[in-house]
>>> print(open('query-v8.cif').read())   # mmCIF, C-alpha atoms and all ligand atoms
data_target
loop_
_atom_site.group_PDB
_atom_site.id
_atom_site.type_symbol
_atom_site.label_atom_id
_atom_site.label_comp_id
_atom_site.auth_asym_id
_atom_site.auth_seq_id
_atom_site.Cartn_x
_atom_site.Cartn_y
_atom_site.Cartn_z
ATOM 1 C CA MET A 19 72.620 83.351 108.693
ATOM 2 C CA SER A 20 71.359 81.688 105.519
ATOM 3 C CA SER A 21 67.758 80.485 105.615
ATOM 4 C CA LYS A 22 68.393 77.787 103.038
ATOM 5 C CA LYS A 23 67.143 74.344 103.955
ATOM 6 C CA ILE A 24 69.394 71.303 103.993
ATOM 7 C CA ALA A 25 68.481 67.612 103.728
ATOM 8 C CA ILE A 26 71.032 64.991 104.718
ATOM 9 C CA LEU A 27 71.048 61.473 103.290
ATOM 10 C CA GLY A 28 73.037 58.759 105.029
ATOM 11 C CA SER A 29 73.181 55.021 105.551
ATOM 12 C CA GLY A 30 75.545 54.688 108.487
ATOM 13 C CA THR A 31 76.845 56.090 111.723
ATOM 14 C CA GLY A 32 76.274 59.732 110.889
ATOM 15 C CA SER A 33 79.449 61.320 112.238
ATOM 16 C CA ASN A 34 79.458 63.741 109.311
ATOM 17 C CA PHE A 35 75.804 64.501 110.004
ATOM 18 C CA THR A 36 76.804 65.422 113.573
ATOM 19 C CA ALA A 37 79.593 67.684 112.313
ATOM 20 C CA LEU A 38 77.143 69.438 109.992
ATOM 21 C CA ALA A 39 74.435 69.670 112.662
ATOM 22 C CA GLU A 40 76.880 71.399 115.024
ATOM 23 C CA GLN A 41 77.002 74.300 112.578
ATOM 24 C CA PHE A 42 73.733 74.144 110.655
ATOM 25 C CA ARG A 43 71.241 72.649 113.117
ATOM 26 C CA ASP A 44 68.424 75.055 112.284
ATOM 27 C CA GLN A 45 68.817 74.611 108.564
ATOM 28 C CA ILE A 46 68.810 70.815 108.532
ATOM 29 C CA THR A 47 65.121 70.083 108.146
ATOM 30 C CA LEU A 48 65.218 66.432 107.097
ATOM 31 C CA VAL A 49 67.463 63.387 107.457
ATOM 32 C CA ILE A 50 66.749 60.421 105.188
ATOM 33 C CA SER A 51 68.235 56.951 105.347
ATOM 34 C CA ASP A 52 67.763 53.884 103.181
ATOM 35 C CA LYS A 53 68.411 51.802 106.321
ATOM 36 C CA GLU A 54 65.657 51.803 108.895
ATOM 37 C CA ASP A 55 68.020 51.160 111.821
ATOM 38 C CA ALA A 56 70.855 53.475 110.752
ATOM 39 C CA LEU A 57 72.495 55.336 113.613
ATOM 40 C CA ILE A 58 72.239 58.578 111.652
ATOM 41 C CA LEU A 59 68.447 58.479 112.113
ATOM 42 C CA ASN A 60 68.794 58.095 115.894
ATOM 43 C CA LYS A 61 71.252 60.981 116.009
ATOM 44 C CA ALA A 62 68.827 63.180 114.057
ATOM 45 C CA LYS A 63 65.906 62.192 116.299
ATOM 46 C CA ASP A 64 68.002 63.129 119.349
ATOM 47 C CA LEU A 65 68.223 66.630 117.877
ATOM 48 C CA ASN A 66 64.498 66.684 117.036
ATOM 49 C CA ILE A 67 65.211 66.788 113.321
ATOM 50 C CA PRO A 68 62.548 65.065 111.195
ATOM 51 C CA THR A 69 63.685 61.723 109.797
ATOM 52 C CA MET A 70 62.490 59.390 107.103
ATOM 53 C CA HIS A 71 63.294 55.855 106.012
ATOM 54 C CA VAL A 72 63.270 55.544 102.218
ATOM 55 C CA PRO A 73 64.306 51.996 101.307
ATOM 56 C CA GLY A 74 66.544 51.336 98.313
ATOM 57 C CA GLY A 75 65.289 49.639 95.179
ATOM 58 C CA LYS A 76 63.326 50.598 92.131
ATOM 59 C CA ASP A 77 62.938 54.316 91.426
ATOM 60 C CA LEU A 78 64.839 55.321 94.561
ATOM 61 C CA SER A 79 65.839 58.729 93.173
ATOM 62 C CA GLN A 80 62.240 59.427 92.134
ATOM 63 C CA ARG A 81 60.981 58.451 95.588
ATOM 64 C CA LEU A 82 63.660 60.546 97.303
ATOM 65 C CA LEU A 83 62.738 63.524 95.146
ATOM 66 C CA SER A 84 59.119 63.318 96.223
ATOM 67 C CA HIS A 85 60.208 64.004 99.820
ATOM 68 C CA LEU A 86 62.572 66.874 99.072
ATOM 69 C CA GLU A 87 60.219 69.702 98.216
ATOM 70 C CA GLY A 88 61.414 73.020 99.668
ATOM 71 C CA ILE A 89 64.970 71.746 100.174
ATOM 72 C CA ASP A 90 67.775 73.944 98.815
ATOM 73 C CA LEU A 91 70.806 71.715 99.348
ATOM 74 C CA ILE A 92 71.257 67.947 99.694
ATOM 75 C CA CYS A 93 74.271 66.612 101.564
ATOM 76 C CA LEU A 94 75.144 62.950 101.181
ATOM 77 C CA ALA A 95 76.897 61.759 104.316
ATOM 78 C CA GLY A 96 77.767 58.099 103.969
ATOM 79 C CA PHE A 97 74.791 57.412 101.691
ATOM 80 C CA MET A 98 75.546 54.055 100.091
ATOM 81 C CA ARG A 99 73.353 54.453 97.013
ATOM 82 C CA LEU A 100 73.924 56.123 93.660
ATOM 83 C CA ILE A 101 71.885 59.241 92.945
ATOM 84 C CA ARG A 102 70.197 59.160 89.560
ATOM 85 C CA GLU A 103 67.638 61.044 87.514
ATOM 86 C CA PRO A 104 65.238 62.717 88.102
ATOM 87 C CA LEU A 105 66.900 63.818 91.341
ATOM 88 C CA LEU A 106 70.122 65.008 89.683
ATOM 89 C CA SER A 107 68.357 67.412 87.315
ATOM 90 C CA ALA A 108 66.044 68.666 90.045
ATOM 91 C CA PHE A 109 69.067 69.769 92.150
ATOM 92 C CA PRO A 110 71.763 70.976 89.730
ATOM 93 C CA GLN A 111 74.985 71.785 91.649
ATOM 94 C CA ARG A 112 72.948 71.319 94.818
ATOM 95 C CA ILE A 113 73.892 67.794 95.831
ATOM 96 C CA LEU A 114 77.169 67.355 97.718
ATOM 97 C CA ASN A 115 79.049 64.280 98.853
ATOM 98 C CA ILE A 116 82.011 63.585 101.105
ATOM 99 C CA HIS A 117 84.389 60.851 100.022
ATOM 100 C CA PRO A 118 87.296 59.404 102.052
ATOM 101 C CA SER A 119 90.093 59.856 99.518
ATOM 102 C CA LEU A 120 91.789 62.521 97.466
ATOM 103 C CA LEU A 121 89.610 62.096 94.389
ATOM 104 C CA PRO A 122 90.069 61.201 91.583
ATOM 105 C CA LYS A 123 92.149 58.606 93.458
ATOM 106 C CA TYR A 124 90.330 55.674 95.066
ATOM 107 C CA PRO A 125 86.669 56.206 94.153
ATOM 108 C CA GLY A 126 84.076 53.703 95.292
ATOM 109 C CA LEU A 127 83.976 51.546 98.385
ATOM 110 C CA CYS A 128 86.578 51.334 101.195
ATOM 111 C CA ALA A 129 88.802 54.078 99.807
ATOM 112 C CA TRP A 130 91.030 53.924 102.907
ATOM 113 C CA GLU A 131 91.745 50.244 102.223
ATOM 114 C CA GLN A 132 92.540 51.073 98.616
ATOM 115 C CA ALA A 133 95.085 53.671 99.814
ATOM 116 C CA ILE A 134 96.815 51.148 102.090
ATOM 117 C CA GLU A 135 96.885 48.439 99.420
ATOM 118 C CA ASP A 136 98.359 50.980 97.010
ATOM 119 C CA ASN A 137 101.149 51.839 99.501
ATOM 120 C CA ALA A 138 100.091 55.481 99.254
ATOM 121 C CA LYS A 139 102.079 57.961 101.333
ATOM 122 C CA GLU A 140 99.096 60.248 101.705
ATOM 123 C CA SER A 141 95.363 60.147 101.352
ATOM 124 C CA GLY A 142 92.560 62.385 102.577
ATOM 125 C CA CYS A 143 89.020 63.373 101.834
ATOM 126 C CA THR A 144 87.071 65.278 99.221
ATOM 127 C CA VAL A 145 83.833 67.235 99.178
ATOM 128 C CA HIS A 146 82.428 67.218 95.666
ATOM 129 C CA TYR A 147 79.283 67.851 93.688
ATOM 130 C CA VAL A 148 77.340 64.720 92.828
ATOM 131 C CA ASP A 149 76.879 63.771 89.205
ATOM 132 C CA ALA A 150 75.760 60.575 87.490
ATOM 133 C CA GLY A 151 79.100 58.826 88.077
ATOM 134 C CA MET A 152 80.519 57.224 91.180
ATOM 135 C CA ASP A 153 82.515 59.931 93.032
ATOM 136 C CA THR A 154 83.233 61.768 89.772
ATOM 137 C CA GLY A 155 81.615 65.192 90.300
ATOM 138 C CA GLU A 156 83.444 68.511 90.424
ATOM 139 C CA ILE A 157 85.707 68.855 93.450
ATOM 140 C CA ILE A 158 84.897 71.588 95.975
ATOM 141 C CA LEU A 159 87.365 71.038 98.823
ATOM 142 C CA GLN A 160 89.999 68.488 99.868
ATOM 143 C CA ALA A 161 92.133 67.786 102.925
ATOM 144 C CA LYS A 162 95.219 65.572 103.057
ATOM 145 C CA VAL A 163 96.363 63.186 105.758
ATOM 146 C CA PRO A 164 99.513 61.070 105.910
ATOM 147 C CA VAL A 165 99.306 57.298 105.535
ATOM 148 C CA LEU A 166 101.585 55.919 108.265
ATOM 149 C CA PRO A 167 103.594 52.673 107.936
ATOM 150 C CA ASP A 168 101.672 50.945 110.725
ATOM 151 C CA ASP A 169 98.224 52.141 109.671
ATOM 152 C CA THR A 170 95.345 49.711 109.593
ATOM 153 C CA PRO A 171 92.231 50.496 107.561
ATOM 154 C CA GLN A 172 90.605 51.567 110.845
ATOM 155 C CA THR A 173 93.348 53.973 111.965
ATOM 156 C CA LEU A 174 93.576 55.550 108.523
ATOM 157 C CA HIS A 175 89.807 55.919 108.240
ATOM 158 C CA ALA A 176 89.694 57.560 111.689
ATOM 159 C CA ARG A 177 92.404 60.053 110.652
ATOM 160 C CA ILE A 178 90.535 60.819 107.435
ATOM 161 C CA GLN A 179 87.250 61.257 109.277
ATOM 162 C CA GLU A 180 88.738 63.910 111.561
ATOM 163 C CA GLN A 181 89.391 65.950 108.437
ATOM 164 C CA GLU A 182 85.986 65.140 106.942
ATOM 165 C CA HIS A 183 84.327 66.707 109.968
ATOM 166 C CA LEU A 184 86.277 69.915 109.337
ATOM 167 C CA ILE A 185 85.974 70.294 105.573
ATOM 168 C CA TYR A 186 82.353 69.232 105.086
ATOM 169 C CA PRO A 187 80.903 72.099 107.163
ATOM 170 C CA LYS A 188 83.407 74.473 105.581
ATOM 171 C CA ALA A 189 82.333 73.452 102.069
ATOM 172 C CA VAL A 190 78.640 73.649 102.955
ATOM 173 C CA ARG A 191 79.111 77.166 104.332
ATOM 174 C CA LYS A 192 80.745 78.237 101.084
ATOM 175 C CA ILE A 193 78.061 76.639 98.891
ATOM 176 C CA LEU A 194 75.236 78.127 100.970
ATOM 177 C CA ALA A 195 76.768 81.576 100.664
ATOM 178 C CA ASP A 196 76.820 81.202 96.875
ATOM 179 C CA LEU A 197 73.259 79.862 96.535
ATOM 180 C CA THR A 198 70.819 82.355 95.099
HETATM 181 C C1 LIG B 1 82.637 58.743 105.487
HETATM 182 O O1 LIG B 1 83.929 58.219 105.599
HETATM 183 C C2 LIG B 1 82.408 59.323 104.139
HETATM 184 O O2 LIG B 1 83.553 59.840 103.564
HETATM 185 C C3 LIG B 1 81.908 58.149 103.353
HETATM 186 O O3 LIG B 1 81.126 57.400 104.241
HETATM 187 C C4 LIG B 1 81.589 57.637 105.574
HETATM 188 C C5 LIG B 1 80.390 58.067 106.378
HETATM 189 O O4 LIG B 1 80.690 58.166 107.727
HETATM 190 N N1 LIG B 1 81.183 58.579 102.190
HETATM 191 P P1 LIG B 1 79.654 58.770 108.766
HETATM 192 O O5 LIG B 1 78.360 57.954 108.632
HETATM 193 O O6 LIG B 1 79.443 60.203 108.437
HETATM 194 O O7 LIG B 1 80.283 58.560 110.097
#
>>> encode(input="query-v8.cif", output="structure tokens", more="lines below")
Ligand code: GRF
Amino acid sequence: MSSKKIAILGSGTGSNFTALAEQFRDQITLVISDKEDALILNKAKDLNIPTMHVPGGKDLSQRLLSHLEGIDLICLAGFMRLIREPLLSAFPQRILNIHPSLLPKYPGLCAWEQAIEDNAKESGCTVHYVDAGMDTGEIILQAKVPVLPDDTPQTLHARIQEQEHLIYPKAVRKILADLT
């Protein structure tokens, strides 16, 4: 098994964190949230994984970087902040994100709502590298789901999330295997 260390950054419920922890528990050495009461922090604490609250605001990427020494791979899992310099250059091709659409379609917020409003027949999720843009980095893995006629934003998001929990660990395994 790879000995590379993973940090996870999230702002929300942390279901993708859980999916990753099921496969990489021993390698996840830090979970950071910009929200002090985020469920993802409670889930990490339940697994005895060190957690940290790093509030948003000025120089967020600089402050995040100061806590990430010794980390090999950063996984964003519902982290609602843009990653900027100097963090990007410190982790080239080593910051991943999961997004709930088939990028480049529907970047940004509430991608599942965008799919429904667009009358899309299918949507899905994407694991991609993080760059300076919003959901614009190189695509690593995608999974498709159908958009059904009676879907609500909630039912579509739930269907997409089932796939997220499968492809995120798969993508991380591949990236870890390629890390030198
Ligand atoms: C996921 O839908 C992910 O694609 C998006 O934010 C959501 C996070 O969900 N970036 P969770 O906190 O992992 O449950």
>>> atom_distance(input="query-v8.cif", atom1="CA of Leu82 (chain A)", atom2="CA of Ala129 (chain A)")
26.1 Å
>>> residues_near_ligand(input="query-v8.cif", ligand="ligand LIG 1 (chain B)", cutoff="8 Å", atoms="only C-alpha atoms and all ligand atoms", output="mmCIF file with C-alpha atoms, in the frame of the given file")
data_model
loop_
_atom_site.group_PDB
_atom_site.id
_atom_site.type_symbol
_atom_site.label_atom_id
_atom_site.label_comp_id
_atom_site.auth_asym_id
_atom_site.auth_seq_id
_atom_site.Cartn_x
_atom_site.Cartn_y
_atom_site.Cartn_z
ATOM 1 C CA GLY A 28 73.037 58.759 105.029
ATOM 2 C CA SER A 29 73.181 55.021 105.551
ATOM 3 C CA GLY A 30 75.545 54.688 108.487
ATOM 4 C CA THR A 31 76.845 56.090 111.723
ATOM 5 C CA GLY A 32 76.274 59.732 110.889
ATOM 6 C CA SER A 33 79.449 61.320 112.238
ATOM 7 C CA ASN A 34 79.458 63.741 109.311
ATOM 8 C CA PHE A 35 75.804 64.501 110.004
ATOM 9 C CA THR A 36 76.804 65.422 113.573
ATOM 10 C CA ILE A 58 72.239 58.578 111.652
ATOM 11 C CA LEU A 94 75.144 62.950 101.181
ATOM 12 C CA ALA A 95 76.897 61.759 104.316
ATOM 13 C CA GLY A 96 77.767 58.099 103.969
ATOM 14 C CA PHE A 97 74.791 57.412 101.691
ATOM 15 C CA MET A 98 75.546 54.055 100.091
ATOM 16 C CA ASN A 115 79.049 64.280 98.853
ATOM 17 C CA ILE A 116 82.011 63.585 101.105
ATOM 18 C CA HIS A 117 84.389 60.851 100.022
ATOM 19 C CA PRO A 118 87.296 59.404 102.052
ATOM 20 C CA SER A 119 90.093 59.856 99.518
ATOM 21 C CA CYS A 143 89.020 63.373 101.834
ATOM 22 C CA THR A 144 87.071 65.278 99.221
ATOM 23 C CA HIS A 175 89.807 55.919 108.240
ATOM 24 C CA ILE A 178 90.535 60.819 107.435
ATOM 25 C CA GLN A 179 87.250 61.257 109.277
ATOM 26 C CA GLU A 182 85.986 65.140 106.942
#
>>> axis_aligned_box(input="query-v8.cif", around="region 124-136 of chain A", padding_each_side="3 Å", output="AutoDock Vina command-line options")
--center_x 91.2 --center_y 52.3 --center_z 98.5 --size_x 20.4 --size_y 13.8 --size_z 14.8
>>> residues_around(input="query-v8.cif", residues="Ile26 (chain A)", least_positions_apart="2", cutoff="6 Å", atoms="only C-alpha atoms", output="ChimeraX atom specification")
/A:49,92-94
>>> resolve_selection(input="query-v8.cif", expression="the PyMOL selection byres (((chain A and resi 113) around 10) and not hetatm)", output="list in words")
Ile24, Ala25, Ile26, Asp90, Leu91, Ile92, Cys93, Leu94, Ile101, Leu105, Leu106, Ala108, Phe109, Pro110, Gln111, Arg112, Leu114, Asn115, His146, Tyr147, Val148, Asp149 and Gly155 of chain A
>>> closest_residue(input="query-v8.cif", among="A:Leu174, A:Ile193, A:Ala138, A:Val145", to="Ala161 (chain A)", atoms="all atoms listed in the file")
A:Val145
>>> atom_distance(input="query-v8.cif", atom1="CA of Lys61 (chain A)", atom2="CA of Pro125 (chain A)")
27.2 Å
>>> atom_distance(input="query-v8.cif", atom1="CA of Leu194 (chain A)", atom2="CA of Asp64 (chain A)")
24.8 Å
>>> resolve_selection(input="query-v8.cif", expression="the PyMOL selection byres (((chain A and resi 123) around 10) and not hetatm)", output="JSON, numbers by chain")
{"A": [118, 119, 120, 121, 122, 124, 125, 126, 129, 132, 133, 141, 142, 153]}
>>> residues_around(input="query-v8.cif", residues="Pro171 (chain A)", least_positions_apart="5", cutoff="9 Å", atoms="all atoms listed in the file", output="list in words")
Cys128, Trp130, Glu131, Gln132, Ala133, Ile134 and Ala176 of chain A
>>> closest_residue(input="query-v8.cif", among="A:Val190, A:Leu127, A:Leu78, A:Ile158", to="Ala39 (chain A)", atoms="only C-alpha atoms")
A:Val190
>>> residues_around(input="query-v8.cif", residues="Asp52 (chain A)", least_positions_apart="6", cutoff="6 Å", atoms="all atoms listed in the file", output="MDAnalysis selection string")
chainID A and resid 71:74
>>> residues_around(input="query-v8.cif", residues="region 19-23 of chain A", least_positions_apart="4", cutoff="10 Å", atoms="only C-alpha atoms", output="ChimeraX atom specification")
/A:42,44-48,88-92,191,194-195,197-198
>>> write_last_selection(input="query-v8.cif", atoms="C-alpha atoms", output="short mmCIF file (atom, residue, chain, number, x, y, z; two decimals), in the coordinates of the input")
data_model
loop_
_atom_site.label_atom_id
_atom_site.label_comp_id
_atom_site.auth_asym_id
_atom_site.auth_seq_id
_atom_site.Cartn_x
_atom_site.Cartn_y
_atom_site.Cartn_z
CA PHE A 42 73.73 74.14 110.66
CA ASP A 44 68.42 75.06 112.28
CA GLN A 45 68.82 74.61 108.56
CA ILE A 46 68.81 70.82 108.53
CA THR A 47 65.12 70.08 108.15
CA LEU A 48 65.22 66.43 107.10
CA GLY A 88 61.41 73.02 99.67
CA ILE A 89 64.97 71.75 100.17
CA ASP A 90 67.78 73.94 98.82
CA LEU A 91 70.81 71.72 99.35
CA ILE A 92 71.26 67.95 99.69
CA ARG A 191 79.11 77.17 104.33
CA LEU A 194 75.24 78.13 100.97
CA ALA A 195 76.77 81.58 100.66
CA LEU A 197 73.26 79.86 96.54
CA THR A 198 70.82 82.36 95.10
#
>>> decode(input="query-v8.cif", residues="region 73-84 of chain A", atoms="all heavy atoms", output="mmCIF file, in the first residue's frame")
data_model
loop_
_atom_site.group_PDB
_atom_site.id
_atom_site.type_symbol
_atom_site.label_atom_id
_atom_site.label_comp_id
_atom_site.auth_asym_id
_atom_site.auth_seq_id
_atom_site.Cartn_x
_atom_site.Cartn_y
_atom_site.Cartn_z
ATOM 1 N N PRO A 73 -10.526 29.245 8.796
ATOM 2 C CA PRO A 73 -11.600 30.071 8.244
ATOM 3 C C PRO A 73 -11.217 30.716 6.923
ATOM 4 O O PRO A 73 -10.034 30.964 6.657
ATOM 5 C CB PRO A 73 -11.819 31.141 9.329
ATOM 6 C CG PRO A 73 -10.680 31.051 10.257
ATOM 7 C CD PRO A 73 -9.993 29.743 10.062
ATOM 8 N N GLY A 74 -12.239 30.984 6.099
ATOM 9 C CA GLY A 74 -11.995 31.662 4.821
ATOM 10 C C GLY A 74 -11.547 33.089 5.062
ATOM 11 O O GLY A 74 -11.452 33.540 6.202
ATOM 12 N N GLY A 75 -11.270 33.790 3.953
ATOM 13 C CA GLY A 75 -10.859 35.190 4.081
ATOM 14 C C GLY A 75 -9.486 35.409 3.504
ATOM 15 O O GLY A 75 -8.986 34.594 2.722
ATOM 16 N N LYS A 76 -8.895 36.495 3.907
ATOM 17 C CA LYS A 76 -7.628 36.935 3.323
ATOM 18 C C LYS A 76 -6.551 35.851 3.436
ATOM 19 O O LYS A 76 -6.419 35.221 4.480
ATOM 20 C CB LYS A 76 -7.173 38.203 4.066
ATOM 21 C CG LYS A 76 -6.096 38.990 3.377
ATOM 22 C CD LYS A 76 -5.902 40.331 4.086
ATOM 23 C CE LYS A 76 -4.797 41.138 3.453
ATOM 24 N NZ LYS A 76 -3.478 40.571 3.586
ATOM 25 N N ASP A 77 -5.823 35.668 2.336
ATOM 26 C CA ASP A 77 -4.679 34.751 2.321
ATOM 27 C C ASP A 77 -5.039 33.313 2.703
ATOM 28 O O ASP A 77 -4.223 32.603 3.288
ATOM 29 C CB ASP A 77 -3.560 35.240 3.265
ATOM 30 C CG ASP A 77 -3.059 36.621 2.881
ATOM 31 O OD1 ASP A 77 -3.108 36.942 1.674
ATOM 32 O OD2 ASP A 77 -2.646 37.367 3.777
ATOM 33 N N LEU A 78 -6.246 32.889 2.363
ATOM 34 C CA LEU A 78 -6.653 31.530 2.745
ATOM 35 C C LEU A 78 -5.675 30.486 2.213
ATOM 36 O O LEU A 78 -5.266 29.576 2.949
ATOM 37 C CB LEU A 78 -8.075 31.228 2.233
ATOM 38 C CG LEU A 78 -8.547 29.793 2.466
ATOM 39 C CD1 LEU A 78 -8.604 29.463 3.953
ATOM 40 C CD2 LEU A 78 -9.907 29.547 1.825
ATOM 41 N N SER A 79 -5.301 30.592 0.930
ATOM 42 C CA SER A 79 -4.431 29.552 0.359
ATOM 43 C C SER A 79 -3.063 29.539 1.035
ATOM 44 O O SER A 79 -2.457 28.475 1.212
ATOM 45 C CB SER A 79 -4.295 29.744 -1.159
ATOM 46 O OG SER A 79 -5.524 29.393 -1.770
ATOM 47 N N GLN A 80 -2.580 30.705 1.413
ATOM 48 C CA GLN A 80 -1.304 30.789 2.151
ATOM 49 C C GLN A 80 -1.451 30.129 3.521
ATOM 50 O O GLN A 80 -0.610 29.336 3.951
ATOM 51 C CB GLN A 80 -0.922 32.265 2.312
ATOM 52 C CG GLN A 80 0.277 32.510 3.205
ATOM 53 C CD GLN A 80 1.569 32.042 2.558
ATOM 54 O OE1 GLN A 80 1.946 32.539 1.505
ATOM 55 N NE2 GLN A 80 2.215 31.062 3.163
ATOM 56 N N ARG A 81 -2.562 30.405 4.194
ATOM 57 C CA ARG A 81 -2.770 29.817 5.524
ATOM 58 C C ARG A 81 -2.967 28.309 5.434
ATOM 59 O O ARG A 81 -2.474 27.548 6.264
ATOM 60 C CB ARG A 81 -3.958 30.500 6.226
ATOM 61 C CG ARG A 81 -3.609 31.917 6.701
ATOM 62 C CD ARG A 81 -4.757 32.592 7.419
ATOM 63 N NE ARG A 81 -5.811 33.027 6.509
ATOM 64 C CZ ARG A 81 -7.061 32.600 6.518
ATOM 65 N NH1 ARG A 81 -7.447 31.703 7.402
ATOM 66 N NH2 ARG A 81 -7.936 33.051 5.652
ATOM 67 N N LEU A 82 -3.694 27.858 4.398
ATOM 68 C CA LEU A 82 -3.858 26.408 4.218
ATOM 69 C C LEU A 82 -2.493 25.755 4.014
ATOM 70 O O LEU A 82 -2.179 24.733 4.639
ATOM 71 C CB LEU A 82 -4.759 26.121 3.004
ATOM 72 C CG LEU A 82 -6.247 26.428 3.168
ATOM 73 C CD1 LEU A 82 -6.958 26.328 1.822
ATOM 74 C CD2 LEU A 82 -6.892 25.456 4.168
ATOM 75 N N LEU A 83 -1.693 26.379 3.150
ATOM 76 C CA LEU A 83 -0.382 25.809 2.829
ATOM 77 C C LEU A 83 0.458 25.612 4.087
ATOM 78 O O LEU A 83 1.161 24.611 4.224
ATOM 79 C CB LEU A 83 0.331 26.723 1.824
ATOM 80 C CG LEU A 83 1.740 26.308 1.397
ATOM 81 C CD1 LEU A 83 1.734 24.905 0.796
ATOM 82 C CD2 LEU A 83 2.303 27.309 0.400
ATOM 83 N N SER A 84 0.362 26.527 5.008
ATOM 84 C CA SER A 84 1.192 26.441 6.209
ATOM 85 C C SER A 84 0.846 25.211 7.064
ATOM 86 O O SER A 84 1.627 24.815 7.917
ATOM 87 C CB SER A 84 1.054 27.722 7.035
ATOM 88 O OG SER A 84 -0.226 27.781 7.620
#
